Amino acid sequence: MRIQQLHYLEKIAETGSMNEAAKLLFISQPSLSQAMKELEKEYKIQLFYRSKLGITLTAEGREFINYSRSVLDQVNLLNERFGKEAVRKQVFSVSGQHYAFVVHAFVELVKKLGEDEYNFTLRETQTENVLNDIQTFRSELGVIYLNNFNKTVLMRLISEKSLEFIPLFIAHPHVFVGRDNPLTNKKRITLTDLEDYTYLSYEQGDTNSFYFSEEILSTLQHRKWIQISDRATIFNLMVGLNGYTISSGIISSELNDEKIVAIPLDVPDRMTLGYLKNKKIELSDTAKDYLDLLKQHIRGYGFEIIGE
């Protein structure tokens with residue numbers, strides 16, 4: 001496999017045409033076709049369906065290109081960081097489940113560094129993607145939670161992917177609702193109190209196992225259930241539909257969460273929130289700075305950092 005072949009694959013998938021991709025790449029169509037045949041032969045897979053209407057990726061091709069893009073992301077980072085003509089930018093990336101304190105610390109990191117040149121990435125994403133991002137070095141740090149229900153499964157995956165989970169703090173589950181929700185009259189909420197309200201959760205894509213859920217008690221049945229992909233939408237639905245979700249209890253008014261209220265959920269479960277790192281690399285100074293800021297914000301919300 002050559003990096004050039006991965007660039008070719010990306011362009012073919014983008015255009016859906018071997019001829020059009022060849023024109024954009026400034027190479028002949030036969031040369032491009034041969035490069036793809038060699039790639040397919042090397043990995044013993046079929047990357048494309050070819051027809052008169054154009055070219056589409058096979059199921060194996062879609063999976064392959066996901067890994068390919070991770071490789072190209074890393075090549076781009078290398079070129080930006082060490083290329084002869086490159087300006088030496090600070091590069092940092094963090095992936096996480098949908099938590100306000102992760103975003104807040106990221107904002108403070110950017111403000112603290114105050115560099116003219118940097119290339120930072122913040123990914124609020126699905127649980128499996130967080131693990132994969134750290135495994136493939138797409139991100140340097142990842143933030144997830146573990147509890148008694150998902151710990152065995154996720155720790156096995158963490159070990160298989162040569163990752164390490166470092167716990168930060170333990171949180172009691174809270175119900176997030178809009179300020180005008182009738183449930184705000186309660187000091188504590190029971191599961192029975194929630195039965196008539198719409199349950200909101202973050203979708204987990206093709207990996208729909210309950211163990212990957214960002215919300216505890218994921219196996220409970222709900223009469224009304226909406227799955228959402230981003231934090232802004234889930235907050236809008238809490239307000240607009242009197243919906244609710246279950247999380248750590250941390251809400252950031254500085255990040256426009258003032259319309260949301262966190263109320264303790266009366267269950268014996270606990271959430272251990274922490275960060276993931278790849279065992280194969282040492283953390284950069286930027287990653288260490290981010291972790292320091294993350295811990296500061298966690299303490300600011302009244303939590304104790306585990307091990308300190």
# chains A, B, ... in the order shown; residues from 1 in each chain; ligands from 1
$ residues_around --residues "Gly142 of chain A" --least-positions-apart "6" --cutoff "7 Å" --atoms "only C-alpha atoms" --output "tab-separated table (two decimals) with C-alpha atoms, in the first residue's frame"
chain	number	residue	atom	x	y	z
A	94	VAL	CA	-9.65	15.54	21.79
A	95	SER	CA	-12.68	13.27	21.33
A	96	GLY	CA	-15.40	12.78	23.89
A	130	VAL	CA	-14.03	7.96	20.87
A	134	ILE	CA	-7.58	7.28	20.35
A	275	TYR	CA	-10.02	10.09	29.99
A	276	LEU	CA	-8.51	7.68	27.50
A	277	LYS	CA	-4.99	7.74	26.11
$ closest_atom_pairs --of "segment 58-134 of chain A" --to "segment 294-298 of chain A" --cutoff "9 Å" --atoms "only C-alpha atoms" --output "Markdown table"
| residue | atom | partner | partner_atom | distance |
| --- | --- | --- | --- | --- |
| A:Phe101 | CA | A:His297 | CA | 6.5 |
| A:Val102 | CA | A:Leu294 | CA | 6.8 |
| A:His104 | CA | A:His297 | CA | 7.7 |
| A:Ala105 | CA | A:Leu294 | CA | 5.1 |
| A:Phe106 | CA | A:Leu294 | CA | 8.1 |
$ write_last_selection --atoms "C-alpha atoms" --output "JSON list (two decimals), in the first residue's frame"
[["chain", "number", "residue", "atom", "x", "y", "z"],
["A", 101, "PHE", "CA", -16.85, 20.40, 30.89],
["A", 102, "VAL", "CA", -14.97, 18.87, 27.96],
["A", 104, "HIS", "CA", -15.32, 24.36, 28.48],
["A", 105, "ALA", "CA", -11.77, 23.14, 29.08],
["A", 106, "PHE", "CA", -11.12, 23.16, 25.32]]
$ atom_distance --atom1 "atom CA of Leu237 of chain A" --atom2 "atom CA of Val177 of chain A"
9.3 Å
$ residues_around --residues "Lys151 of chain A" --least-positions-apart "2" --cutoff "12 Å" --atoms "only C-alpha atoms" --output "JSON, numbers by chain"
{"A": [144, 145, 146, 147, 148, 149, 153, 154, 155, 156, 157, 158, 159, 165, 210, 211, 212, 213, 216, 270, 271, 272, 273]}
$ closest_residue --among "A:Val91, A:Ile45, A:Leu200, A:Ala262" --to "Ile228 of chain A" --atoms "only C-alpha atoms"
A:Leu200
$ atom_distance --atom1 "atom CA of Thr233 of chain A" --atom2 "atom CA of Ile166 of chain A"
29.6 Å
$ select_by_dssp --residues "segment 64-296 of chain A" --states "strand (DSSP E or B)" --output "PyMOL selection string"
chain A and resi 90-96+118-124+141-146+163-171+174-178+189+199-202+225-228+244-247+260-265+271-278
$ closest_residue --among "A:Asn119, A:Ser209, A:Thr152, A:Ser162" --to "Asn76 of chain A" --atoms "only C-alpha atoms"
A:Asn119
$ closest_residue --among "A:Asn150, A:Gln4, A:Thr58, A:Ser201" --to "His98 of chain A" --atoms "only C-alpha atoms"
A:Ser201
$ residues_around --residues "Ser284 of chain A" --least-positions-apart "5" --cutoff "12 Å" --atoms "only C-alpha atoms" --output "list in words"
Gln90, Val91, Phe92, Ser93, Ser139, Glu140, Leu141, Lys277, Asn278, Asp289, Tyr290 and Leu291 of chain A
$ write_last_selection --atoms "N, CA and C atoms" --output "PDB file, in the first residue's frame"
ATOM      1  N   GLN A  90       0.842  24.444  16.689  1.00  0.00           N
ATOM      2  CA  GLN A  90       0.504  23.526  17.765  1.00  0.00           C
ATOM      3  C   GLN A  90      -0.668  22.680  17.293  1.00  0.00           C
ATOM      4  N   VAL A  91      -0.549  21.371  17.440  1.00  0.00           N
ATOM      5  CA  VAL A  91      -1.579  20.437  16.985  1.00  0.00           C
ATOM      6  C   VAL A  91      -2.103  19.659  18.178  1.00  0.00           C
ATOM      7  N   PHE A  92      -3.426  19.616  18.315  1.00  0.00           N
ATOM      8  CA  PHE A  92      -4.031  18.863  19.414  1.00  0.00           C
ATOM      9  C   PHE A  92      -5.462  18.498  19.040  1.00  0.00           C
ATOM     10  N   SER A  93      -5.872  17.315  19.461  1.00  0.00           N
ATOM     11  CA  SER A  93      -7.221  16.859  19.173  1.00  0.00           C
ATOM     12  C   SER A  93      -7.747  16.051  20.361  1.00  0.00           C
ATOM     13  N   SER A 139      -7.157  11.346  17.710  1.00  0.00           N
ATOM     14  CA  SER A 139      -7.188  12.241  18.862  1.00  0.00           C
ATOM     15  C   SER A 139      -6.194  11.751  19.898  1.00  0.00           C
ATOM     16  N   GLU A 140      -5.698  12.700  20.678  1.00  0.00           N
ATOM     17  CA  GLU A 140      -4.714  12.351  21.705  1.00  0.00           C
ATOM     18  C   GLU A 140      -5.382  11.944  23.009  1.00  0.00           C
ATOM     19  N   LEU A 141      -6.548  12.518  23.281  1.00  0.00           N
ATOM     20  CA  LEU A 141      -7.294  12.221  24.495  1.00  0.00           C
ATOM     21  C   LEU A 141      -8.755  11.953  24.152  1.00  0.00           C
ATOM     22  N   LYS A 277      -6.203   7.434  26.856  1.00  0.00           N
ATOM     23  CA  LYS A 277      -4.993   7.741  26.106  1.00  0.00           C
ATOM     24  C   LYS A 277      -4.465   6.466  25.481  1.00  0.00           C
ATOM     25  N   ASN A 278      -3.685   6.609  24.439  1.00  0.00           N
ATOM     26  CA  ASN A 278      -3.071   5.457  23.793  1.00  0.00           C
ATOM     27  C   ASN A 278      -1.786   5.097  24.540  1.00  0.00           C
ATOM     28  N   ASP A 289      -1.639  20.249  29.339  1.00  0.00           N
ATOM     29  CA  ASP A 289      -2.276  21.525  29.683  1.00  0.00           C
ATOM     30  C   ASP A 289      -3.798  21.380  29.673  1.00  0.00           C
ATOM     31  N   TYR A 290      -4.304  20.664  28.667  1.00  0.00           N
ATOM     32  CA  TYR A 290      -5.752  20.459  28.580  1.00  0.00           C
ATOM     33  C   TYR A 290      -6.261  19.685  29.797  1.00  0.00           C
ATOM     34  N   LEU A 291      -5.546  18.646  30.196  1.00  0.00           N
ATOM     35  CA  LEU A 291      -5.967  17.861  31.352  1.00  0.00           C
ATOM     36  C   LEU A 291      -5.969  18.702  32.625  1.00  0.00           C
TER      37      LEU A 291
END
